[in-house]
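Next comes coords05.pdb, a file with PDB, C-alpha atoms and all ligand atoms.
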```
ATOM      1  CA  MET A  10     -13.699   2.809 -29.374
ATOM      2  CA  LYS A  11     -10.000   1.949 -29.325
ATOM      3  CA  LYS A  12      -9.151  -1.499 -30.654
ATOM      4  CA  PHE A  13      -6.527  -3.643 -28.944
ATOM      5  CA  LEU A  14      -4.431  -6.258 -30.662
ATOM      6  CA  GLY A  15      -2.608  -9.025 -28.857
ATOM      7  CA  LEU A  16       0.666  -7.147 -28.524
ATOM      8  CA  ASN A  17      -0.605  -3.950 -26.966
ATOM      9  CA  LYS A  18      -2.799  -5.643 -24.397
ATOM     10  CA  VAL A  19      -1.906  -5.485 -20.716
ATOM     11  CA  LYS A  20      -0.696  -8.883 -19.577
ATOM     12  CA  THR A  21      -2.898  -9.877 -16.700
ATOM     13  CA  ALA A  22      -2.874 -12.577 -14.024
ATOM     14  CA  ILE A  23      -6.145 -13.616 -12.444
ATOM     15  CA  PHE A  24      -6.088 -15.072  -8.935
ATOM     16  CA  ILE A  25      -8.946 -17.394  -7.959
ATOM     17  CA  SER A  26      -9.875 -19.888  -5.245
ATOM     18  CA  GLY A  27     -13.228 -21.306  -6.329
ATOM     19  CA  THR A  28     -15.861 -21.251  -9.035
ATOM     20  CA  GLY A  29     -14.078 -18.631 -11.072
ATOM     21  CA  SER A  30     -17.129 -17.114 -12.757
ATOM     22  CA  ASN A  31     -15.464 -13.682 -12.643
ATOM     23  CA  PHE A  32     -12.338 -15.212 -14.150
ATOM     24  CA  LYS A  33     -14.323 -16.864 -16.967
ATOM     25  CA  ASN A  34     -16.082 -13.616 -17.641
ATOM     26  CA  LEU A  35     -12.841 -11.618 -17.740
ATOM     27  CA  TYR A  36     -11.275 -14.254 -19.948
ATOM     28  CA  LYS A  37     -14.138 -14.036 -22.465
ATOM     29  CA  PHE A  38     -13.884 -10.262 -22.416
ATOM     30  CA  SER A  39     -10.107 -10.436 -22.893
ATOM     31  CA  LEU A  40     -10.584 -12.181 -26.244
ATOM     32  CA  SER A  41     -12.421  -9.219 -27.744
ATOM     33  CA  LYS A  42     -10.722  -6.373 -29.609
ATOM     34  CA  ASN A  43     -12.275  -3.925 -27.158
ATOM     35  CA  SER A  44     -10.416  -5.501 -24.267
ATOM     36  CA  PRO A  45      -7.244  -3.753 -23.094
ATOM     37  CA  ILE A  46      -6.137  -6.912 -21.240
ATOM     38  CA  LYS A  47      -4.860 -10.330 -22.134
ATOM     39  CA  VAL A  48      -5.215 -13.106 -19.577
ATOM     40  CA  GLU A  49      -1.657 -14.392 -19.366
ATOM     41  CA  ILE A  50      -2.190 -16.784 -16.497
ATOM     42  CA  VAL A  51      -4.623 -17.884 -13.829
ATOM     43  CA  ILE A  52      -3.222 -18.598 -10.382
ATOM     44  CA  SER A  53      -4.978 -20.465  -7.596
ATOM     45  CA  ASN A  54      -4.259 -21.650  -4.083
ATOM     46  CA  ASN A  55      -6.749 -24.465  -4.656
ATOM     47  CA  SER A  56      -6.064 -27.222  -7.170
ATOM     48  CA  LYS A  57      -9.734 -28.207  -7.042
ATOM     49  CA  ALA A  58     -11.027 -24.749  -7.978
ATOM     50  CA  LYS A  59     -13.592 -25.129 -10.753
ATOM     51  CA  GLY A  60     -11.996 -22.200 -12.530
ATOM     52  CA  ILE A  61      -8.813 -24.242 -12.915
ATOM     53  CA  ASN A  62     -10.724 -26.910 -14.856
ATOM     54  CA  PHE A  63     -11.994 -24.188 -17.151
ATOM     55  CA  ALA A  64      -8.444 -22.873 -17.608
ATOM     56  CA  LYS A  65      -7.202 -26.350 -18.503
ATOM     57  CA  LYS A  66     -10.040 -26.874 -20.970
ATOM     58  CA  LYS A  67      -9.316 -23.562 -22.667
ATOM     59  CA  LYS A  68      -5.545 -24.112 -22.490
ATOM     60  CA  ILE A  69      -5.014 -20.962 -20.447
ATOM     61  CA  ASN A  70      -1.739 -20.989 -18.480
ATOM     62  CA  ASN A  71      -2.511 -21.963 -14.929
ATOM     63  CA  LYS A  72      -0.501 -22.548 -11.788
ATOM     64  CA  ILE A  73      -1.306 -23.713  -8.268
ATOM     65  CA  PHE A  74       0.523 -22.312  -5.249
ATOM     66  CA  SER A  75      -0.717 -23.783  -1.974
ATOM     67  CA  PHE A  76       0.228 -20.689   0.068
ATOM     68  CA  LYS A  77       1.148 -23.035   2.937
ATOM     69  CA  ASN A  78       4.401 -21.146   2.986
ATOM     70  CA  LYS A  79       3.067 -17.757   1.978
ATOM     71  CA  ILE A  80       6.333 -15.847   1.684
ATOM     72  CA  ARG A  81       7.962 -18.573  -0.374
ATOM     73  CA  ASP A  82       4.974 -18.916  -2.692
ATOM     74  CA  GLU A  83       4.549 -15.169  -3.075
ATOM     75  CA  ASN A  84       8.197 -14.821  -4.054
ATOM     76  CA  LYS A  85       7.792 -17.589  -6.609
ATOM     77  CA  ILE A  86       4.713 -15.869  -8.006
ATOM     78  CA  LEU A  87       6.495 -12.517  -8.187
ATOM     79  CA  SER A  88       9.359 -13.870 -10.234
ATOM     80  CA  PHE A  89       6.992 -15.933 -12.338
ATOM     81  CA  LEU A  90       4.894 -12.862 -13.183
ATOM     82  CA  LYS A  91       7.980 -10.770 -13.854
ATOM     83  CA  ASN A  92       9.286 -13.336 -16.342
ATOM     84  CA  ARG A  93       5.992 -13.174 -18.176
ATOM     85  CA  ASP A  94       5.748  -9.369 -18.170
ATOM     86  CA  VAL A  95       2.513  -9.436 -16.209
ATOM     87  CA  THR A  96       1.672  -5.919 -15.040
ATOM     88  CA  LEU A  97      -1.882  -6.306 -13.755
ATOM     89  CA  ILE A  98      -3.365  -8.694 -11.196
ATOM     90  CA  CYS A  99      -7.115  -9.179 -10.906
ATOM     91  CA  LEU A 100      -8.259 -10.936  -7.760
ATOM     92  CA  ALA A 101     -11.521 -12.762  -8.382
ATOM     93  CA  GLY A 102     -12.751 -14.748  -5.416
ATOM     94  CA  PHE A 103      -9.178 -15.257  -4.189
ATOM     95  CA  MET A 104      -9.378 -16.343  -0.556
ATOM     96  CA  ARG A 105      -5.844 -15.607   0.599
ATOM     97  CA  ILE A 106      -4.589 -12.326   1.985
ATOM     98  CA  LEU A 107      -1.518 -11.093   0.130
ATOM     99  CA  SER A 108       1.392  -9.767   2.162
ATOM    100  CA  LYS A 109       2.336  -6.082   2.352
ATOM    101  CA  ASN A 110       5.540  -6.868   0.495
ATOM    102  CA  PHE A 111       3.682  -8.502  -2.382
ATOM    103  CA  ILE A 112       1.199  -5.649  -2.644
ATOM    104  CA  LYS A 113       4.027  -3.106  -2.598
ATOM    105  CA  LYS A 114       5.715  -4.846  -5.514
ATOM    106  CA  PHE A 115       2.500  -4.479  -7.541
ATOM    107  CA  SER A 116       1.459  -1.160  -6.095
ATOM    108  CA  GLY A 117      -1.622   0.227  -7.851
ATOM    109  CA  LYS A 118      -1.747  -2.807 -10.103
ATOM    110  CA  ILE A 119      -3.894  -5.204  -8.066
ATOM    111  CA  LEU A 120      -7.663  -5.018  -8.380
ATOM    112  CA  ASN A 121     -10.371  -6.911  -6.505
ATOM    113  CA  VAL A 122     -14.112  -7.348  -6.759
ATOM    114  CA  HIS A 123     -16.089  -7.498  -3.534
ATOM    115  CA  PRO A 124     -19.803  -8.334  -3.163
ATOM    116  CA  SER A 125     -20.909  -5.326  -1.115
ATOM    117  CA  LEU A 126     -21.052  -1.561  -1.285
ATOM    118  CA  LEU A 127     -17.703  -0.933   0.372
ATOM    119  CA  PRO A 128     -16.742   0.436   2.843
ATOM    120  CA  LYS A 129     -19.776  -1.383   4.235
ATOM    121  CA  TYR A 130     -19.572  -5.143   4.795
ATOM    122  CA  LYS A 131     -15.893  -5.891   4.336
ATOM    123  CA  GLY A 132     -14.860  -9.526   4.710
ATOM    124  CA  LEU A 133     -16.900 -12.705   4.390
ATOM    125  CA  ASN A 134     -20.614 -13.579   4.467
ATOM    126  CA  THR A 135     -21.648 -10.164   3.189
ATOM    127  CA  HIS A 136     -25.065 -11.245   1.886
ATOM    128  CA  GLU A 137     -26.066 -12.895   5.186
ATOM    129  CA  ARG A 138     -25.083  -9.779   7.134
ATOM    130  CA  VAL A 139     -26.750  -7.376   4.710
ATOM    131  CA  ILE A 140     -30.058  -9.269   4.920
ATOM    132  CA  LYS A 141     -29.846  -9.667   8.685
ATOM    133  CA  ASN A 142     -29.379  -5.905   9.020
ATOM    134  CA  LYS A 143     -32.418  -5.304   6.802
ATOM    135  CA  GLU A 144     -30.476  -3.156   4.370
ATOM    136  CA  LYS A 145     -32.452  -1.803   1.418
ATOM    137  CA  PHE A 146     -29.528  -1.952  -0.970
ATOM    138  CA  SER A 147     -26.389  -3.944  -1.450
ATOM    139  CA  GLY A 148     -24.181  -4.281  -4.499
ATOM    140  CA  CYS A 149     -20.603  -4.766  -5.533
ATOM    141  CA  THR A 150     -17.360  -2.849  -5.670
ATOM    142  CA  VAL A 151     -14.210  -3.028  -7.755
ATOM    143  CA  HIS A 152     -11.318  -1.531  -5.834
ATOM    144  CA  TYR A 153      -7.556  -1.344  -5.668
ATOM    145  CA  VAL A 154      -5.976  -3.732  -3.210
ATOM    146  CA  ASN A 155      -3.974  -2.264  -0.371
ATOM    147  CA  SER A 156      -2.616  -3.891   2.755
ATOM    148  CA  LYS A 157      -5.928  -3.663   4.647
ATOM    149  CA  LEU A 158      -8.733  -6.081   3.803
ATOM    150  CA  ASP A 159     -11.251  -4.697   1.262
ATOM    151  CA  SER A 160     -10.089  -1.152   2.011
ATOM    152  CA  GLY A 161      -8.261   0.095  -1.091
ATOM    153  CA  LYS A 162      -9.459   3.017  -3.217
ATOM    154  CA  ILE A 163     -12.807   2.361  -4.869
ATOM    155  CA  ILE A 164     -12.849   2.331  -8.667
ATOM    156  CA  LEU A 165     -16.507   1.557  -9.427
ATOM    157  CA  GLN A 166     -19.611   0.383  -7.577
ATOM    158  CA  LYS A 167     -22.988  -0.919  -8.616
ATOM    159  CA  LYS A 168     -26.059  -0.854  -6.398
ATOM    160  CA  VAL A 169     -28.547  -3.730  -6.205
ATOM    161  CA  LYS A 170     -31.955  -3.397  -4.558
ATOM    162  CA  ILE A 171     -32.745  -5.997  -1.915
ATOM    163  CA  ALA A 172     -36.206  -7.558  -2.151
ATOM    164  CA  LYS A 173     -38.188  -8.419   1.000
ATOM    165  CA  ASN A 174     -37.985 -12.147   0.391
ATOM    166  CA  ASP A 175     -34.337 -12.211  -0.706
ATOM    167  CA  THR A 176     -32.160 -15.021   0.638
ATOM    168  CA  PRO A 177     -28.367 -14.772   0.781
ATOM    169  CA  LYS A 178     -28.290 -17.245  -2.092
ATOM    170  CA  ASN A 179     -30.478 -15.422  -4.565
ATOM    171  CA  LEU A 180     -29.001 -12.052  -3.614
ATOM    172  CA  ALA A 181     -25.512 -13.475  -4.209
ATOM    173  CA  LYS A 182     -26.603 -14.644  -7.646
ATOM    174  CA  ARG A 183     -27.980 -11.235  -8.648
ATOM    175  CA  ILE A 184     -24.942  -9.425  -7.332
ATOM    176  CA  LEU A 185     -22.554 -11.827  -9.055
ATOM    177  CA  ALA A 186     -24.101 -10.982 -12.420
ATOM    178  CA  LYS A 187     -23.449  -7.290 -11.661
ATOM    179  CA  GLU A 188     -19.890  -8.063 -10.565
ATOM    180  CA  HIS A 189     -19.205  -9.506 -13.994
ATOM    181  CA  GLN A 190     -20.313  -6.287 -15.699
ATOM    182  CA  LEU A 191     -18.580  -4.048 -13.195
ATOM    183  CA  TYR A 192     -15.175  -5.723 -13.406
ATOM    184  CA  ILE A 193     -15.101  -5.219 -17.170
ATOM    185  CA  GLN A 194     -16.208  -1.599 -16.825
ATOM    186  CA  ALA A 195     -13.542  -0.913 -14.209
ATOM    187  CA  ILE A 196     -10.760  -2.439 -16.306
ATOM    188  CA  SER A 197     -11.929  -0.540 -19.376
ATOM    189  CA  LYS A 198     -12.033   2.686 -17.385
ATOM    190  CA  LEU A 199      -8.492   2.214 -16.097
ATOM    191  CA  TYR A 200      -6.768   0.754 -19.146
ATOM    192  CA  SER A 201      -8.628   1.800 -22.280
ATOM    193  CA  ASN A 202      -6.165   4.594 -22.978
ATOM    194  CA  HIS A 203      -3.030   2.886 -21.797
TER
HETATM  195  C1  LIG B   1     -17.553 -13.137  -5.803
HETATM  196  O1  LIG B   1     -18.776 -12.821  -5.207
HETATM  197  C2  LIG B   1     -16.505 -12.124  -5.386
HETATM  198  O2  LIG B   1     -16.998 -10.845  -5.222
HETATM  199  C3  LIG B   1     -16.056 -12.667  -4.062
HETATM  200  O3  LIG B   1     -16.050 -14.071  -4.232
HETATM  201  C4  LIG B   1     -16.974 -14.438  -5.260
HETATM  202  C5  LIG B   1     -16.219 -15.202  -6.287
HETATM  203  O4  LIG B   1     -17.033 -15.746  -7.271
HETATM  204  N1  LIG B   1     -14.802 -12.083  -3.666
HETATM  205  P1  LIG B   1     -16.414 -16.426  -8.562
HETATM  206  O5  LIG B   1     -15.387 -17.449  -8.072
HETATM  207  O6  LIG B   1     -15.794 -15.367  -9.399
HETATM  208  O7  LIG B   1     -17.570 -17.095  -9.229
END
```
Translate the structure described by the file into structure tokens.
Ligand code: GRF
Amino acid sequence: MKKFLGLNKVKTAIFISGTGSNFKNLYKFSLSKNSPIKVEIVISNNSKAKGINFAKKKKINNKIFSFKNKIRDENKILSFLKNRDVTLICLAGFMRILSKNFIKKFSGKILNVHPSLLPKYKGLNTHERVIKNKEKFSGCTVHYVNSKLDSGKIILQKKVKIAKNDTPKNLAKRILAKEHQLYIQAISKLYSNH
């Protein structure tokens, strides 16, 4: 397996809005020699995001942009990322929709993880809807971000079997654990030979 040293790692920004378990997981992965990425910065629209506390504790660069003025904040983020040579953005529970212009500037370089087997169950409350529809399987997807919600090209998916007595909460927990594995696999698949 190829080994990556600090200098040849892809500088990555992680965008979060909440707990940030995917962010923490990617950060831990990024510290290993097998990781093609380095977490350069974590960006959030929510100053109270738990993931931001983690970033502060670990002294990871972090920045809050409220997104109240989306265009202004996106432009600030774009120049900020450019100055830091960031070439990959990983969305991880980021609850804002990025503009077409922003996505174009990072075309093919924005990834997202979504807790369903896309193209099924785009958007919010996936686990509730999956259970209500009596689906037998759900899962998670890592995909490229394009200008339509949860619709970019799929990179990897993982299936999870739904048990009869599953609640949205325990299904979410099982799927989240798979998301953590899948995000790392997807990044390795895309960047291991960069
Ligand atoms: C994950 O289920 C992710 O798929 C979805 O939001 C959740 C974020 O969880 N987009 P966390 O903040 O990474 O713990």
Show me which residues line ligand LIG 1 (chain B), defined as having an atom within 9 Å of a ligand atom where only C-alpha atoms and all ligand atoms count, and present them as an mmCIF file with C-alpha atoms, in the coordinates of the input.
```
data_model
loop_
_atom_site.group_PDB
_atom_site.id
_atom_site.type_symbol
_atom_site.label_atom_id
_atom_site.label_comp_id
_atom_site.auth_asym_id
_atom_site.auth_seq_id
_atom_site.Cartn_x
_atom_site.Cartn_y
_atom_site.Cartn_z
ATOM 1 C CA ILE A 25 -8.946 -17.394 -7.959
ATOM 2 C CA SER A 26 -9.875 -19.888 -5.245
ATOM 3 C CA GLY A 27 -13.228 -21.306 -6.329
ATOM 4 C CA THR A 28 -15.861 -21.251 -9.035
ATOM 5 C CA GLY A 29 -14.078 -18.631 -11.072
ATOM 6 C CA SER A 30 -17.129 -17.114 -12.757
ATOM 7 C CA ASN A 31 -15.464 -13.682 -12.643
ATOM 8 C CA PHE A 32 -12.338 -15.212 -14.150
ATOM 9 C CA LYS A 33 -14.323 -16.864 -16.967
ATOM 10 C CA ASN A 34 -16.082 -13.616 -17.641
ATOM 11 C CA ALA A 58 -11.027 -24.749 -7.978
ATOM 12 C CA LYS A 59 -13.592 -25.129 -10.753
ATOM 13 C CA GLY A 60 -11.996 -22.200 -12.530
ATOM 14 C CA LEU A 100 -8.259 -10.936 -7.760
ATOM 15 C CA ALA A 101 -11.521 -12.762 -8.382
ATOM 16 C CA GLY A 102 -12.751 -14.748 -5.416
ATOM 17 C CA PHE A 103 -9.178 -15.257 -4.189
ATOM 18 C CA MET A 104 -9.378 -16.343 -0.556
ATOM 19 C CA ASN A 121 -10.371 -6.911 -6.505
ATOM 20 C CA VAL A 122 -14.112 -7.348 -6.759
ATOM 21 C CA HIS A 123 -16.089 -7.498 -3.534
ATOM 22 C CA PRO A 124 -19.803 -8.334 -3.163
ATOM 23 C CA SER A 125 -20.909 -5.326 -1.115
ATOM 24 C CA GLY A 132 -14.860 -9.526 4.710
ATOM 25 C CA LEU A 133 -16.900 -12.705 4.390
ATOM 26 C CA CYS A 149 -20.603 -4.766 -5.533
ATOM 27 C CA THR A 150 -17.360 -2.849 -5.670
ATOM 28 C CA VAL A 151 -14.210 -3.028 -7.755
ATOM 29 C CA ALA A 181 -25.512 -13.475 -4.209
ATOM 30 C CA LYS A 182 -26.603 -14.644 -7.646
ATOM 31 C CA ILE A 184 -24.942 -9.425 -7.332
ATOM 32 C CA LEU A 185 -22.554 -11.827 -9.055
ATOM 33 C CA GLU A 188 -19.890 -8.063 -10.565
ATOM 34 C CA HIS A 189 -19.205 -9.506 -13.994
#
```
Next on the checklist: Applying the PyMOL selection byres (((chain A and resi 171-179) around 8) and not hetatm) to the file I just gave you, which residues come out? Please list them as a ChimeraX atom specification.
Outcome noted: /A:136-137,140,144-147,169-170,180-183
Kindly export the residues of the current selection with C-alpha atoms, as a short mmCIF file (atom, residue, chain, number, x, y, z; two decimals), in the frame of the given file.
```
data_model
loop_
_atom_site.label_atom_id
_atom_site.label_comp_id
_atom_site.auth_asym_id
_atom_site.auth_seq_id
_atom_site.Cartn_x
_atom_site.Cartn_y
_atom_site.Cartn_z
CA HIS A 136 -25.06 -11.24 1.89
CA GLU A 137 -26.07 -12.90 5.19
CA ILE A 140 -30.06 -9.27 4.92
CA GLU A 144 -30.48 -3.16 4.37
CA LYS A 145 -32.45 -1.80 1.42
CA PHE A 146 -29.53 -1.95 -0.97
CA SER A 147 -26.39 -3.94 -1.45
CA VAL A 169 -28.55 -3.73 -6.20
CA LYS A 170 -31.96 -3.40 -4.56
CA LEU A 180 -29.00 -12.05 -3.61
CA ALA A 181 -25.51 -13.48 -4.21
CA LYS A 182 -26.60 -14.64 -7.65
CA ARG A 183 -27.98 -11.24 -8.65
#
```
Matched chain/residue IDs from the PyMOL selection byres (((chain A and resi 13-19) around 10) and not hetatm), as a compact mmCIF listing (two decimals) with C-alpha atoms, in the coordinates of the input:
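Below is the file that was written, selection09.txt:
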```txt
# COMPACT_ATOMS: atom_id res chain seq x y z
CA MET A 10 -13.70 2.81 -29.37
CA LYS A 11 -10.00 1.95 -29.32
CA LYS A 12 -9.15 -1.50 -30.65
CA LYS A 20 -0.70 -8.88 -19.58
CA THR A 21 -2.90 -9.88 -16.70
CA ALA A 22 -2.87 -12.58 -14.02
CA SER A 39 -10.11 -10.44 -22.89
CA LEU A 40 -10.58 -12.18 -26.24
CA SER A 41 -12.42 -9.22 -27.74
CA LYS A 42 -10.72 -6.37 -29.61
CA ASN A 43 -12.28 -3.92 -27.16
CA SER A 44 -10.42 -5.50 -24.27
CA PRO A 45 -7.24 -3.75 -23.09
CA ILE A 46 -6.14 -6.91 -21.24
CA LYS A 47 -4.86 -10.33 -22.13
CA VAL A 48 -5.22 -13.11 -19.58
CA GLU A 49 -1.66 -14.39 -19.37
CA ASP A 94 5.75 -9.37 -18.17
CA VAL A 95 2.51 -9.44 -16.21
CA THR A 96 1.67 -5.92 -15.04
CA LEU A 97 -1.88 -6.31 -13.76
CA TYR A 200 -6.77 0.75 -19.15
CA SER A 201 -8.63 1.80 -22.28
CA HIS A 203 -3.03 2.89 -21.80
```
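With only C-alpha atoms taken into account, every residue lying no more than 6 Å from the file point (-24.7, 0.7, -4.1) is included here: Leu126, Ser147, Gly148, Lys167 and Lys168 of chain A.
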Checklist entry - Cys99 (chain A): which residues within 6 Å, counting all atoms listed in the file, same-chain residues fewer than 3 positions away excluded, as a count of residues only? => result 4
Enclosing box along x, y and z for every listed atom of region 80-83 of chain A, padded 8 Å each side, centre and size in Å, one decimal, as JSON:
```
{"center_x": 6.3, "center_y": -17.0, "center_z": -0.7, "size_x": 19.4, "size_y": 19.7, "size_z": 20.8}
```
Checklist entry - Looking at A:His152, A:Lys65, A:Lys77, A:Lys91, which one is nearest to Tyr192 (chain A), with distances taken over all atoms listed in the file? => result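 Nearest to Tyr192 (chain A): A:His152.
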Next on the checklist: What's the separation between CA of Ile193 (chain A) and CA of Ile163 (chain A), in Å to one decimal place?
Outcome noted: 14.6 Å
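Atom pair CA of Ser108 (chain A) / CA of Ile50 (chain A) has a distance of 20.3 Å (rounded to one decimal).
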Checklist entry - Taking (3.4, -6.4, -2.7) in the file's coordinates as the center, which residues reach within 12 Å of it, counting all atoms listed in the file, put as an NGL selection string? => result :A and (80 or 83-84 or 86-87 or 98 or 106-119 or 154-156)
Next on the checklist: What's the separation between CA of Asn71 (chain A) and CA of Ser56 (chain A), in Å to one decimal place?
Outcome noted: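 Computing it gives 10.0 Å between the two atoms.
Among the candidates A:Lys85, A:Arg105, A:Lys67, A:Lys37, the one nearest to Asn54 (chain A) when counting all atoms listed in the file is A:Arg105.
The nearest approach to Phe76 (chain A) among the residues A:Ile52, A:Leu90, A:Ala64, A:Leu127, with only C-alpha atoms taken into account, belongs to A:Ile52.
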Apply the PyMOL selection byres (((chain A and resi 159) around 6) and not hetatm) to the file shown and report the selected residues as a CSV table (one decimal) with C-alpha atoms, keeping the file's coordinate frame.
```csv
chain,number,residue,atom,x,y,z
A,131,LYS,CA,-15.9,-5.9,4.3
A,158,LEU,CA,-8.7,-6.1,3.8
A,160,SER,CA,-10.1,-1.2,2.0
```
